[in-house]
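Colleague: After the structure tokens below, expect a handful of questions from me.
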Number of protein chains: 2
Amino acid sequence: MTLPTDRDHGADTSVRVTVALDVLGGDDGPEVVADAALQVLDQQSGVDLILVGPTDLTHTLAADRGIADRVEYAAAGSALAMDEDPVRAIRTRPDVSVQVAAELVRNQRAQASVSVGDTGGVLAAATLTIGRLEGVTRAAVAVVVPAVHHSVVLLDVGGTVDATPELLAQFANSGRAFAVALGLSDDPAVGLLTIGSEPGKGDALRRLAHEEFLDLNLRYVGPVEGDDVALGGIADVIVTDGFTGNVVLKALEGAALNTAEAISRRYADPEPALEVGRSFAVGRHAGAILLGIKGVSVVGHGASSAAEIAAYVALAVRGVRSDLVARIADQLAVSDAGKR
Amino acid sequence: MTLPTDRDHGADTSVRVTVALDVLGGDDGPEVVADAALQVLDQQSGVDLILVGPTDLTHTLAADRGIADRVEYAAAGSALAMDEDPVRAIRTRPDVSVQVAAELVRNQRAQASVSVGDTGGVLAAATLTIGRLEGVTRAAVAVVVPAVHHSVVLLDVGGTVDATPELLAQFANSGRAFAVALGLSDDPAVGLLTIGSEPGKGDALRRLAHEEFLDLNLRYVGPVEGDDVALGGIADVIVTDGFTGNVVLKALEGAALNTAEAISRRYADPEPALEVGRSFAVGRHAGAILLGIKGVSVVGHGASSAAEIAAYVALAVRGVRSDLVARIADQLAVSDAGKR
């Protein structure tokens with residue numbers, strides 16, 4: 001994922017940012033996250049890290065990498081288990097690592113949290129502990145999809161599976177603010193993911209959402225189709241429910257890998273094709289950011305590499321420096337205030 | 001799209017098949033469809049064609065290609081307009097070309113119909129005129145998606161946007177029968193498209209459908225995710241509602257083109273990459289087949305090439321020779337008769 005540099009659109013690299021980095025919950029163990037911490041300290045300026053995990057573990061991981069004195073520590077007991085109900089776990093075990101990370105953001109010891117644990121757990125911890133912005137009934141999970149013409153913000157990709165038109169309208173506002181914060185556009189075009197490009201097409205949810213979107217204070221470009229997500233060019237922000245968004249995100253991932261694999265067999269050197277395929281498998285390699293909470297929180301795939309986790313930290317820092325939370329609050333307020 | 005040869009699984013190439021070919025409704029005019037007719041006659045054995053369209057037009061098109069005496073003709077007035085309500089058009093203008101083609105199948109002058117017109121129009125004509133099989137409340141639209149490990153049947157991709165668990169169960173049965181008819185597997189694995197691979201995940205529709213699927217007389221492999229569509233290997237048949245299926249189909253198309261385009265820039269000769277990308281853009285290049293009606297009907301993208309339209313005819317012929325309709329009826333009956 002190529003993001004605009006921090007110099008674009010006024011994000012100030014002189015602002016120091018502290019990120020709570022959850023070392024637990026990854027598929028390949030805490031070592032990968034610790035490797036990411038080293039990369040962040042070496043490569044990203046003005047970023048401080050708090051390693052969240054059992055302190056004997058985090059101290060050892062940091063010492064092994066020679067960064068013991070360059071990071072802070074916050075004690076956590078364990079990760080969420082994959083089959084565990086996140087809300088119950090957070091309420092009964094306050095030392096779960098995603099919860100400790102969220103607590104650091106709430107206490108303003110950190111400005112952002114990053115985790116490669118379960119998305120539902122990060123979402124639950126952020127919602128219960130950091131809290132939602134006014135006018136937000138559910139936070140959205142957003143990703144940036146690399147497209148031929150232009151990267152596209154896709155949301156929701158898994159936060160809310162049974163959405164309402166009103167919720168999709170909140171997502172439209174949050175997604176627009178995120179696209180501005182990223183520097184994708186000063187006035188992002190927002191599309192509603194559906195089937196067929198005529199307004200009357202789609203299911204009941206989409207027909208009602210289309211009417212809602214017409215009233216929002218943003219540049220709504222109407223219905224867009226599945227191919228517009230990967231090709232880009234029509235909308236900078238594409239809004240859908242969490243079920244469809246998650247299926248689409250995984251479909252894009254599978255199609256990128258499948259297409260690259262087939263192409264790689266047509267060339268003497270398969271590696272460039274496979275490399276592009278991996279980089280376009282966004283479900284696995286792009287950090288997802290929570291939109292609509294009173295803080296910045298990024299969650300990545302459990303199987304992420306150290307470089308990918310370092311990129312999630314960069315995305316979180318970008319969110320802080322570009323005033324993402326305030327931008328979302330402002331956008332919700334202006335859309336509430338009246339029609340465009 | 002590579003399909004198993006007609007020799008597999010007992011499809012008998014000595015059986016002559018007549019296909020009603022709608023020359024109207026394509027984006028690039030009737031000439032492309034007429035070019036396809038020529039290719040079919042030259043390359044496919046035992047296939048007879050009835051050209052459906054205004055007869056002065058179809059006679060001229062056939063004469064220009066030297067096939068005037070090798071095809072039959074059926075008079076039609078016009079194509080459905082893109083913004084026209086298909087059901088109303090078919091009821092008020094019985095000479096609409098998709099309707100004339102469906103009528104030929106109902107009268108048994110043809111065993112199958114092929115069109116590159118609007119999917120909704122073909123579906124409406126087939127449903128109203130050819131009729132649904134017993135136990136089918138809505139016909140499904142199915143495509144074959146080329147995957148790394150194994151091609152996958154995906155349905156529904158646009159027939160029914162607001163589905164029920166019972167309808168998804170019908171699609172599972174129809175899709176299984178289609179996969180057997182294609183020779184993809186003697187006992188196809190059927191998956192339910194959802195998010196997360198645990199049975200409790202997904203939206204309300206998917207949770208209920210999962211329970212329904214457990215009772216079907218077929219090899220249900222449980223929930224599958226979006227990446228399983230393009231990667232294959234887990235399920236031979238992937239079932240979803242028409243909204244999600246259509247969005248996924250288009251997403252796969254966009255991702256294939258996007259990935260191929262990016263890869264093509266990494267090699268001196270871009271063409272092999274672009275060629276694979278185009279062939280994997282299934283929304284544009286694979287014929288969709290209607291499942292659950294008392295006949296065989298294939299509909300392709302309006303912008304299809306002559307070679308692609310000829311492939312749709314081959315798919316329709318394959319459906320007739322492999323007794324697709326009877327297989328679907330049988331599968332619906334055994335699934336109705338009791339648990340596996």
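The way I read the labels, and the way they are meant: chains A, B, ... in the order of the structure tokens, residue 1 as the first residue of every chain, and ligand 1 as the first ligand shown, with later ones counted on from there.
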With a cut-off of 7 Å and counting only C-alpha atoms, select all residues of chain B in contact with chain A and give the selection as an NGL selection string.

Modeller: :B and (147-148 or 161-162 or 194-195 or 202-203 or 225-231 or 243-244 or 246-248 or 250-256 or 258-260 or 263 or 266 or 272-273 or 276-277)

Colleague: Write the selection just made, keeping C-alpha atoms, as an mmCIF file, in the first residue's frame?

Modeller:
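Result written to result-v2.cif:
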```
data_model
loop_
_atom_site.group_PDB
_atom_site.id
_atom_site.type_symbol
_atom_site.label_atom_id
_atom_site.label_comp_id
_atom_site.auth_asym_id
_atom_site.auth_seq_id
_atom_site.Cartn_x
_atom_site.Cartn_y
_atom_site.Cartn_z
ATOM 1 C CA ALA B 147 -9.440 -20.617 -9.969
ATOM 2 C CA VAL B 148 -5.845 -21.631 -9.276
ATOM 3 C CA VAL B 161 -30.963 -9.583 -4.531
ATOM 4 C CA ASP B 162 -33.029 -10.128 -1.380
ATOM 5 C CA THR B 194 -19.764 -15.716 4.352
ATOM 6 C CA ILE B 195 -17.207 -13.911 6.521
ATOM 7 C CA GLY B 202 -21.847 -13.861 9.098
ATOM 8 C CA ASP B 203 -25.111 -11.983 8.930
ATOM 9 C CA GLU B 225 -14.750 -16.818 2.460
ATOM 10 C CA GLY B 226 -14.356 -14.419 -0.443
ATOM 11 C CA ASP B 227 -10.833 -15.541 -1.305
ATOM 12 C CA ASP B 228 -12.047 -19.121 -1.778
ATOM 13 C CA VAL B 229 -13.992 -18.015 -4.870
ATOM 14 C CA ALA B 230 -10.914 -17.116 -6.892
ATOM 15 C CA LEU B 231 -8.464 -19.500 -5.249
ATOM 16 C CA PHE B 243 -26.459 -8.971 -4.497
ATOM 17 C CA THR B 244 -23.299 -10.336 -2.900
ATOM 18 C CA ASN B 246 -22.854 -9.858 -8.390
ATOM 19 C CA VAL B 247 -20.638 -7.542 -6.335
ATOM 20 C CA VAL B 248 -18.085 -10.361 -5.900
ATOM 21 C CA LYS B 250 -17.443 -7.634 -10.532
ATOM 22 C CA ALA B 251 -14.834 -7.316 -7.782
ATOM 23 C CA LEU B 252 -13.025 -10.368 -9.193
ATOM 24 C CA GLU B 253 -13.164 -8.799 -12.642
ATOM 25 C CA GLY B 254 -11.746 -5.499 -11.401
ATOM 26 C CA ALA B 255 -9.043 -7.197 -9.343
ATOM 27 C CA ALA B 256 -7.966 -9.424 -12.232
ATOM 28 C CA ASN B 258 -6.005 -4.247 -11.917
ATOM 29 C CA THR B 259 -3.477 -6.906 -10.898
ATOM 30 C CA ALA B 260 -2.655 -7.809 -14.497
ATOM 31 C CA ILE B 263 2.154 -6.794 -13.292
ATOM 32 C CA ARG B 266 7.038 -5.128 -14.518
ATOM 33 C CA PRO B 272 0.860 -12.252 -21.587
ATOM 34 C CA ALA B 273 -0.059 -10.554 -18.310
ATOM 35 C CA VAL B 276 -4.489 -13.552 -18.462
ATOM 36 C CA GLY B 277 -6.109 -10.550 -16.772
#
```

Colleague: Please list as JSON, numbers by chain every residue within 10 Å of A:Leu104, counting only C-alpha atoms and excluding residues in the same chain fewer than 4 positions away.

Modeller: {"A": [18, 19, 20, 50, 52, 74, 99, 100, 108, 109, 110, 111, 112, 113, 129, 130]}

Colleague: Just to be explicit: take each residue in the selection above, keep N, CA and C atoms, and write the result as an mmCIF file, in the first residue's frame.

Modeller:
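Saved result, out.cif, follows:
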```
data_model
loop_
_atom_site.group_PDB
_atom_site.id
_atom_site.type_symbol
_atom_site.label_atom_id
_atom_site.label_comp_id
_atom_site.auth_asym_id
_atom_site.auth_seq_id
_atom_site.Cartn_x
_atom_site.Cartn_y
_atom_site.Cartn_z
ATOM 1 N N THR A 18 2.851 8.882 20.181
ATOM 2 C CA THR A 18 3.090 7.644 20.915
ATOM 3 C C THR A 18 2.046 6.612 20.506
ATOM 4 N N VAL A 19 2.522 5.442 20.107
ATOM 5 C CA VAL A 19 1.633 4.367 19.657
ATOM 6 C C VAL A 19 1.732 3.193 20.620
ATOM 7 N N ALA A 20 0.583 2.716 21.084
ATOM 8 C CA ALA A 20 0.519 1.496 21.895
ATOM 9 C C ALA A 20 0.510 0.309 20.945
ATOM 10 N N ILE A 50 4.862 2.161 22.934
ATOM 11 C CA ILE A 50 4.637 1.445 24.190
ATOM 12 C C ILE A 50 4.331 -0.003 23.811
ATOM 13 N N VAL A 52 2.853 -3.448 24.452
ATOM 14 C CA VAL A 52 1.793 -3.954 25.320
ATOM 15 C C VAL A 52 1.849 -5.481 25.325
ATOM 16 N N ALA A 74 3.770 -1.538 28.801
ATOM 17 C CA ALA A 74 2.505 -1.571 29.537
ATOM 18 C C ALA A 74 2.138 -3.036 29.729
ATOM 19 N N GLN A 99 -7.328 -4.591 25.183
ATOM 20 C CA GLN A 99 -7.989 -3.704 26.132
ATOM 21 C C GLN A 99 -6.981 -2.764 26.803
ATOM 22 N N VAL A 100 -5.813 -3.314 27.153
ATOM 23 C CA VAL A 100 -4.765 -2.473 27.754
ATOM 24 C C VAL A 100 -4.339 -1.390 26.749
ATOM 25 N N GLN A 108 -4.783 8.857 27.305
ATOM 26 C CA GLN A 108 -3.901 9.761 26.568
ATOM 27 C C GLN A 108 -2.420 9.513 26.834
ATOM 28 N N ARG A 109 -2.085 8.329 27.332
ATOM 29 C CA ARG A 109 -0.661 7.964 27.374
ATOM 30 C C ARG A 109 -0.181 7.638 25.964
ATOM 31 N N ALA A 110 -1.107 7.174 25.110
ATOM 32 C CA ALA A 110 -0.795 6.944 23.693
ATOM 33 C C ALA A 110 -1.834 7.676 22.861
ATOM 34 N N GLN A 111 -1.457 8.048 21.629
ATOM 35 C CA GLN A 111 -2.432 8.695 20.739
ATOM 36 C C GLN A 111 -3.072 7.706 19.773
ATOM 37 N N ALA A 112 -2.514 6.493 19.723
ATOM 38 C CA ALA A 112 -3.060 5.501 18.792
ATOM 39 C C ALA A 112 -2.687 4.111 19.269
ATOM 40 N N SER A 113 -3.457 3.110 18.825
ATOM 41 C CA SER A 113 -3.104 1.719 19.120
ATOM 42 C C SER A 113 -3.006 0.936 17.814
ATOM 43 N N THR A 129 -14.035 1.221 25.453
ATOM 44 C CA THR A 129 -13.076 1.939 26.295
ATOM 45 C C THR A 129 -12.785 3.350 25.786
ATOM 46 N N ILE A 130 -12.495 3.469 24.491
ATOM 47 C CA ILE A 130 -12.190 4.796 23.937
ATOM 48 C C ILE A 130 -13.491 5.545 23.670
#
```

Colleague: Please identify all polymer residues within 7 Å of stretch 140-144 of chain B, counting only C-alpha atoms, omitting same-chain residues fewer than 3 positions from it, and present them as a count of residues only.

Modeller: 17

Colleague: Name the residues in contact with B:Ile293 at a cut-off of 10 Å, using only C-alpha atoms, excluding same-chain residues fewer than 2 positions from it; report them as a PyMOL selection string.

Modeller: chain B and resi 123+126-134+136-140+290-291+295-297+325+328-329

Colleague: Please run DSSP on the backbone and report, as JSON, numbers by chain, all residues within stretch 134-331 of chain B that come out as alpha helix (DSSP H).

Modeller: {"B": [165, 166, 167, 168, 169, 170, 171, 172, 173, 174, 175, 176, 177, 178, 179, 180, 181, 182, 204, 205, 206, 207, 208, 209, 210, 211, 212, 213, 214, 226, 227, 228, 229, 230, 231, 242, 243, 244, 245, 246, 247, 248, 249, 250, 251, 252, 253, 254, 255, 256, 257, 258, 259, 260, 261, 262, 263, 264, 271, 272, 273, 274, 275, 276, 277, 278, 279, 280, 282, 283, 284, 285, 306, 307, 308, 309, 310, 311, 312, 313, 314, 315, 316, 317, 318, 319, 320, 321, 324, 325, 326, 327, 328, 329, 330, 331]}

Colleague: I need the residue nearest B:Phe178 from this list: B:Leu51, B:Val15, B:Leu315, B:Ile309. Use only C-alpha atoms for the distance.

Modeller: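 Going through B:Leu51, B:Val15, B:Leu315, B:Ile309 one by one, the smallest distance to B:Phe178 is for B:Leu315.
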
Colleague: I need the residues of stretch 16-189 of chain B that end up classed as strand (DSSP E) by DSSP on the backbone, written out as a PyMOL selection string.

Modeller: chain B and resi 17-22+47-53+72-75+112-115+140-145+152-155+189

Colleague: Since we have the selection now, will you write its residues out, keeping C-alpha atoms, as a short mmCIF file (atom, residue, chain, number, x, y, z; two decimals), in the first residue's frame?

Modeller:
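Listing of selection19.cif after writing:
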```
data_model
loop_
_atom_site.label_atom_id
_atom_site.label_comp_id
_atom_site.auth_asym_id
_atom_site.auth_seq_id
_atom_site.Cartn_x
_atom_site.Cartn_y
_atom_site.Cartn_z
CA VAL B 17 -28.70 -29.54 -30.36
CA THR B 18 -30.57 -26.52 -31.65
CA VAL B 19 -29.77 -23.19 -30.01
CA ALA B 20 -31.89 -20.04 -30.32
CA LEU B 21 -29.34 -17.22 -30.68
CA ASP B 22 -30.62 -13.72 -29.93
CA VAL B 47 -25.05 -27.68 -33.33
CA ASP B 48 -27.90 -26.00 -35.23
CA LEU B 49 -28.72 -22.33 -34.81
CA ILE B 50 -31.88 -20.28 -35.03
CA LEU B 51 -31.05 -16.60 -35.42
CA VAL B 52 -33.55 -14.51 -33.48
CA GLY B 53 -34.08 -10.94 -34.65
CA GLU B 72 -32.85 -21.03 -39.34
CA TYR B 73 -34.61 -17.78 -38.53
CA ALA B 74 -37.16 -16.60 -35.99
CA ALA B 75 -38.70 -13.15 -36.31
CA ALA B 112 -31.42 -23.81 -25.42
CA SER B 113 -31.24 -20.04 -25.80
CA VAL B 114 -28.23 -17.72 -25.78
CA SER B 115 -28.34 -13.93 -25.45
CA ALA B 140 -30.45 -18.58 -10.08
CA VAL B 141 -27.80 -17.08 -12.33
CA ALA B 142 -24.55 -19.09 -12.15
CA VAL B 143 -21.05 -18.55 -13.54
CA VAL B 144 -17.92 -20.66 -13.62
CA VAL B 145 -14.97 -18.80 -12.06
CA VAL B 152 -15.65 -22.88 -9.03
CA VAL B 153 -19.37 -22.51 -9.72
CA LEU B 154 -20.58 -19.25 -8.15
CA LEU B 155 -24.29 -18.50 -7.77
CA ALA B 189 -18.28 -29.81 -2.38
#
```

Colleague: Provide the atom CA of B:Ala124 to atom CA of B:Leu24 distance in Å, to one decimal place.

Modeller: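 Result for atom CA of B:Ala124 versus atom CA of B:Leu24: 16.4 Å, one decimal.
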
Colleague: Please provide as a PyMOL selection string all residues within 10 Å of B:Ala306, with the sequence filter that same-chain residues fewer than 4 positions apart are discarded (counting only C-alpha atoms).

Modeller: chain B and resi 31-40+310-312

Colleague: Within 8 Å of stretch 218-221 of chain A, counting only C-alpha atoms, which residues qualify if same-chain residues fewer than 3 places away don't, as a list in words?

Modeller: Asn173, Arg176, Asp187, Pro188, Ala189, Val190, Gly191, Phe213, Leu214, Ile234, Ala235, Ser335 and Arg340 of chain A
